[in-house]
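Below is one structure, written out as structure tokens; the observations come after it.
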Amino acid sequence: MTTAPLRPTTPARTTVATGWYSPADCSLDDFRAVVEGGLAETALDQYPHADALEQGVLVYGSGLGEHTGTERGRREVQAELARALADGPGIVVVKGAFEHAVVDAATDAFSAMVEEQKAAGTASGDHFAAPGANDRVWGALDKLAVRAPEVFAAYYANDVLALVSEAWLGHGYQVTSQVNVVNPGGQAQTAHRDYHLGFMDQAQALAYPAQVHALSPVLTLQGAVAHVDMPVETGPTLYLPHSQKFPAGYVAFHRSEFTGYFLENSVQLPLAKGDAAFFNPALFHGAGTNRSADVRRMANLLQVSSGFGRAMEDVDRTAASKALFPVLLARKAAGADERSLRNAVAASAEGYAFPTNLDRDQPIGGLAPQTQAELVWQALSEGWEPARLAEALDAQAARRRSAV
């Protein structure tokens with residue numbers, strides 16, 4: 001089997017566009033050439049760790065972990081995944097990424113949150129549907145951590161999520177989660193790109209220079225975990241492979257000729273419970289219509305942000321860390337491997353040192369202060385009592401607050 005190179009791969013054209021895009025840069029013929037050319041050129045043998053190429057989408061098996069037991073093996077897999085997201089189809093699917101029992105426990109917790117929202121009269125809408133049409137739990141990451149820390153620890157110990165997140169974003173990534181339930185009859189979303197520039201209207205996107213359009217996709221990784229079986233009739237997400245490579249795409253997806261092309265050429269892969277899809281946020285995509293009679297299509301939408309950027313949601317990571325710490329101590333005592341524990345800490349605690357108040361939170365022994373994740377890991381490594389960590393977390397949070 002050919003192994004992926006560990007050195008950076010450089011495309012033939014390395015100059016990043018500068019200046020500003022305009023609607024005149026949105027040629028449908030150019031877009032078609034990018035998409036259709038990419039589909040024609042992509043072959044399974046270019047991605048030696050993938051199991052299949054389905055409708056232009058790379059599909060990996062649950063045995064992906066067999067190739068990541070060594071540092072070199074892990075890096076080879078990650079280099080391949082990053083290449084697939086950047087220069088390949090822009091999307092990968094990992095079959096059986098999450099164990100059913102772990103998913104079911106999280107589903108129970110998320111369903112209880114939805115029912116409580118309804119009972120309180122605070123049903124949430126999503127970006128494309130009015131409140132009540134579908135069900136949405138915003139800020140689900142810390143809500144799950146505080147409500148069901150055992151469930152959180154098992155769910156976010158998942159190494160597939162960490163593997164792809166590190167491949168695309170490096171260390172210090174920040175996980176956020178929104179639970180989306182599309183009920184029978186729930187309508188399809190409009191084709192779009194995602195956070196950051198994808199959450200702006202055309203006029204706002206046009207205000208950002210071209211190099212920021214190139215930067216935006218590498219600040220975020222989009223993911224979705226299927227919490228139920230999702231045959232095509234339930235409306236799993238539609239994708240347009242290779243569309244992430246069109247430079248002016250953050251302007252183009254607002255135009256009707258591009259959304260029309262998407263509707264005619266997008267693909268839709270069924271997912272089984274526990275499968276996970278990860279994609280470049282610049283990929284044209286949109287959830288499909290749920291045409292089933294009785295399936296409430298639930299997915300945990302994972303938006304993983306670079307430590308260099310700003311996450312979409314404000315997560316109470318101090319509360320999450322306090323709630324999780326006794327569980328992590330117990331899992332460590334029971335023999336949990338270090339990677340799974342680190343994965344849970346990375347998903348819950350703040351992994352980046354800035355912004356902070358450097359008058360109070362000074363860097364000692366390095367260029368940056370200790371991060372919250374580093375503090376939690378220190379406490380876990382040294383076997384602190386939960387009360388000691390809670391006190392240290394509160395003190396750290398106080399140091400990081402702006403002076404008043």
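Chain labels A, B, ... are given in the sequence in which chains occur in the structure tokens; within each chain residues are numbered consecutively from 1, and ligands are likewise numbered from 1 in the order shown.
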Would you give me, as CSV, each residue of stretch 175-250 of chain A having an atom within 9 Å of an atom of stretch 81-104 of chain A, along with its shortest atom pair and that distance in Å to one decimal, using only C-alpha atoms and sorting by chain and residue number?
residue,atom,partner,partner_atom,distance
A:Pro217,CA,A:Ala86,CA,8.9
A:Val218,CA,A:Ala86,CA,8.7
A:Val225,CA,A:Phe98,CA,7.9
A:Ala226,CA,A:Val103,CA,8.5
A:His227,CA,A:Val103,CA,6.1
A:Val228,CA,A:Asp104,CA,8.8
A:Tyr239,CA,A:Ile91,CA,8.3
A:Leu240,CA,A:Pro89,CA,8.3
A:Pro241,CA,A:Pro89,CA,4.6
A:His242,CA,A:Pro89,CA,4.5
A:Ser243,CA,A:Gly90,CA,7.6
A:Gln244,CA,A:Gly90,CA,6.3
A:Lys245,CA,A:Asp87,CA,7.1
Just N, CA and C atoms for this one: save the residues we selected as an mmCIF file, in the first residue's frame.
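Saved file part15.cif follows:
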data_model
loop_
_atom_site.group_PDB
_atom_site.id
_atom_site.type_symbol
_atom_site.label_atom_id
_atom_site.label_comp_id
_atom_site.auth_asym_id
_atom_site.auth_seq_id
_atom_site.Cartn_x
_atom_site.Cartn_y
_atom_site.Cartn_z
ATOM 1 N N PRO A 217 -12.207 28.545 5.179
ATOM 2 C CA PRO A 217 -12.459 27.103 5.288
ATOM 3 C C PRO A 217 -11.528 26.368 6.235
ATOM 4 N N VAL A 218 -10.317 26.859 6.450
ATOM 5 C CA VAL A 218 -9.383 26.118 7.295
ATOM 6 C C VAL A 218 -9.480 26.538 8.761
ATOM 7 N N VAL A 225 -22.910 13.462 13.281
ATOM 8 C CA VAL A 225 -23.011 12.076 13.738
ATOM 9 C C VAL A 225 -24.462 11.649 13.642
ATOM 10 N N ALA A 226 -24.713 10.548 12.941
ATOM 11 C CA ALA A 226 -26.082 10.037 12.798
ATOM 12 C C ALA A 226 -26.508 9.362 14.094
ATOM 13 N N HIS A 227 -27.611 9.829 14.673
ATOM 14 C CA HIS A 227 -28.132 9.223 15.898
ATOM 15 C C HIS A 227 -29.273 8.250 15.627
ATOM 16 N N VAL A 228 -29.690 8.160 14.384
ATOM 17 C CA VAL A 228 -30.644 7.145 13.937
ATOM 18 C C VAL A 228 -30.207 6.707 12.549
ATOM 19 N N TYR A 239 -24.734 16.803 -0.713
ATOM 20 C CA TYR A 239 -23.412 17.399 -0.874
ATOM 21 C C TYR A 239 -23.083 17.522 -2.353
ATOM 22 N N LEU A 240 -22.239 18.496 -2.680
ATOM 23 C CA LEU A 240 -21.723 18.634 -4.031
ATOM 24 C C LEU A 240 -20.209 18.489 -3.956
ATOM 25 N N PRO A 241 -19.681 17.265 -4.148
ATOM 26 C CA PRO A 241 -18.238 17.057 -4.024
ATOM 27 C C PRO A 241 -17.441 17.989 -4.924
ATOM 28 N N HIS A 242 -16.336 18.466 -4.396
ATOM 29 C CA HIS A 242 -15.359 19.338 -5.060
ATOM 30 C C HIS A 242 -15.803 20.796 -5.154
ATOM 31 N N SER A 243 -17.000 21.114 -4.711
ATOM 32 C CA SER A 243 -17.471 22.504 -4.808
ATOM 33 C C SER A 243 -16.711 23.435 -3.873
ATOM 34 N N GLN A 244 -16.026 22.873 -2.871
ATOM 35 C CA GLN A 244 -15.256 23.713 -1.943
ATOM 36 C C GLN A 244 -14.068 24.377 -2.618
ATOM 37 N N LYS A 245 -13.704 23.914 -3.804
ATOM 38 C CA LYS A 245 -12.492 24.421 -4.471
ATOM 39 C C LYS A 245 -12.763 25.636 -5.358
#
**For A:Asn180: contacts at 7 Å, only C-alpha atoms, fewer than 3 positions along chain excluded, given as a PyMOL selection string** = chain A and resi 135-137+298-301
Keeping C-alpha atoms for every residue in the selection just given, could you write it to a file as a short mmCIF file (atom, residue, chain, number, x, y, z; two decimals), in the first residue's frame?
data_model
loop_
_atom_site.label_atom_id
_atom_site.label_comp_id
_atom_site.auth_asym_id
_atom_site.auth_seq_id
_atom_site.Cartn_x
_atom_site.Cartn_y
_atom_site.Cartn_z
CA ASP A 135 -36.20 20.50 16.87
CA ARG A 136 -32.84 22.05 17.72
CA VAL A 137 -30.69 22.08 20.85
CA MET A 298 -31.54 13.21 14.62
CA ALA A 299 -27.96 14.27 14.06
CA ASN A 300 -25.40 15.80 16.37
CA LEU A 301 -23.91 18.60 14.30
#
Considering only C-alpha atoms, return as a PDB file with N, CA and C atoms, in the first residue's frame whatever protein or nucleic-acid residues lie within 10 Å of A:Leu341, sequence-local ones (same chain, fewer than 2 positions apart) excluded.
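This went into out.pdb:
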ATOM      1  N   ALA A 153     -18.321  11.927  28.575  1.00  0.00           N
ATOM      2  CA  ALA A 153     -16.967  11.381  28.577  1.00  0.00           C
ATOM      3  C   ALA A 153     -16.835  10.217  27.612  1.00  0.00           C
ATOM      4  N   ALA A 154     -17.857   9.358  27.550  1.00  0.00           N
ATOM      5  CA  ALA A 154     -17.821   8.231  26.627  1.00  0.00           C
ATOM      6  C   ALA A 154     -17.955   8.705  25.175  1.00  0.00           C
ATOM      7  N   TYR A 156     -17.303  11.794  23.770  1.00  0.00           N
ATOM      8  CA  TYR A 156     -16.215  12.621  23.239  1.00  0.00           C
ATOM      9  C   TYR A 156     -14.833  12.018  23.473  1.00  0.00           C
ATOM     10  N   ALA A 157     -14.784  10.820  24.022  1.00  0.00           N
ATOM     11  CA  ALA A 157     -13.535  10.058  23.998  1.00  0.00           C
ATOM     12  C   ALA A 157     -13.261   9.522  22.599  1.00  0.00           C
ATOM     13  N   ASN A 158     -14.220   9.666  21.714  1.00  0.00           N
ATOM     14  CA  ASN A 158     -14.140   9.105  20.361  1.00  0.00           C
ATOM     15  C   ASN A 158     -12.896   9.589  19.617  1.00  0.00           C
ATOM     16  N   LEU A 328     -13.770  11.599  34.707  1.00  0.00           N
ATOM     17  CA  LEU A 328     -12.479  11.327  34.082  1.00  0.00           C
ATOM     18  C   LEU A 328     -11.524  10.645  35.065  1.00  0.00           C
ATOM     19  N   LEU A 329     -11.562  11.063  36.336  1.00  0.00           N
ATOM     20  CA  LEU A 329     -10.755  10.396  37.347  1.00  0.00           C
ATOM     21  C   LEU A 329     -11.130   8.915  37.456  1.00  0.00           C
ATOM     22  N   ARG A 331     -12.641   7.067  35.154  1.00  0.00           N
ATOM     23  CA  ARG A 331     -12.260   6.353  33.929  1.00  0.00           C
ATOM     24  C   ARG A 331     -10.762   6.057  33.915  1.00  0.00           C
ATOM     25  N   LYS A 332      -9.956   7.004  34.396  1.00  0.00           N
ATOM     26  CA  LYS A 332      -8.518   6.776  34.469  1.00  0.00           C
ATOM     27  C   LYS A 332      -8.202   5.631  35.429  1.00  0.00           C
ATOM     28  N   ALA A 336      -8.732   3.486  31.563  1.00  0.00           N
ATOM     29  CA  ALA A 336      -8.934   4.135  30.260  1.00  0.00           C
ATOM     30  C   ALA A 336      -7.594   4.592  29.698  1.00  0.00           C
ATOM     31  N   ASP A 337      -7.429   4.473  28.397  1.00  0.00           N
ATOM     32  CA  ASP A 337      -6.169   4.860  27.780  1.00  0.00           C
ATOM     33  C   ASP A 337      -6.035   6.378  27.743  1.00  0.00           C
ATOM     34  N   GLU A 338      -4.789   6.833  27.710  1.00  0.00           N
ATOM     35  CA  GLU A 338      -4.513   8.261  27.789  1.00  0.00           C
ATOM     36  C   GLU A 338      -5.161   9.024  26.642  1.00  0.00           C
ATOM     37  N   ARG A 339      -5.131   8.453  25.430  1.00  0.00           N
ATOM     38  CA  ARG A 339      -5.676   9.195  24.293  1.00  0.00           C
ATOM     39  C   ARG A 339      -7.160   9.487  24.476  1.00  0.00           C
ATOM     40  N   ASN A 343      -8.806  13.113  24.633  1.00  0.00           N
ATOM     41  CA  ASN A 343      -9.844  13.506  23.680  1.00  0.00           C
ATOM     42  C   ASN A 343     -11.023  14.161  24.396  1.00  0.00           C
ATOM     43  N   ALA A 344     -11.428  13.578  25.534  1.00  0.00           N
ATOM     44  CA  ALA A 344     -12.547  14.144  26.279  1.00  0.00           C
ATOM     45  C   ALA A 344     -12.194  15.518  26.845  1.00  0.00           C
ATOM     46  N   VAL A 345     -10.951  15.684  27.318  1.00  0.00           N
ATOM     47  CA  VAL A 345     -10.519  16.989  27.816  1.00  0.00           C
ATOM     48  C   VAL A 345     -10.487  18.008  26.678  1.00  0.00           C
ATOM     49  N   ALA A 346      -9.968  17.592  25.525  1.00  0.00           N
ATOM     50  CA  ALA A 346      -9.876  18.513  24.388  1.00  0.00           C
ATOM     51  C   ALA A 346     -11.243  18.988  23.927  1.00  0.00           C
ATOM     52  N   TRP A 377      -5.703  18.730  32.546  1.00  0.00           N
ATOM     53  CA  TRP A 377      -4.850  17.558  32.351  1.00  0.00           C
ATOM     54  C   TRP A 377      -3.833  17.438  33.480  1.00  0.00           C
ATOM     55  N   LEU A 380      -5.694  15.939  36.322  1.00  0.00           N
ATOM     56  CA  LEU A 380      -5.982  14.523  36.086  1.00  0.00           C
ATOM     57  C   LEU A 380      -4.711  13.693  36.240  1.00  0.00           C
TER      58      LEU A 380
END
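Counting from atom CA of A:Tyr195, the distance to atom CA of A:Gln55 is 25.2 Å.
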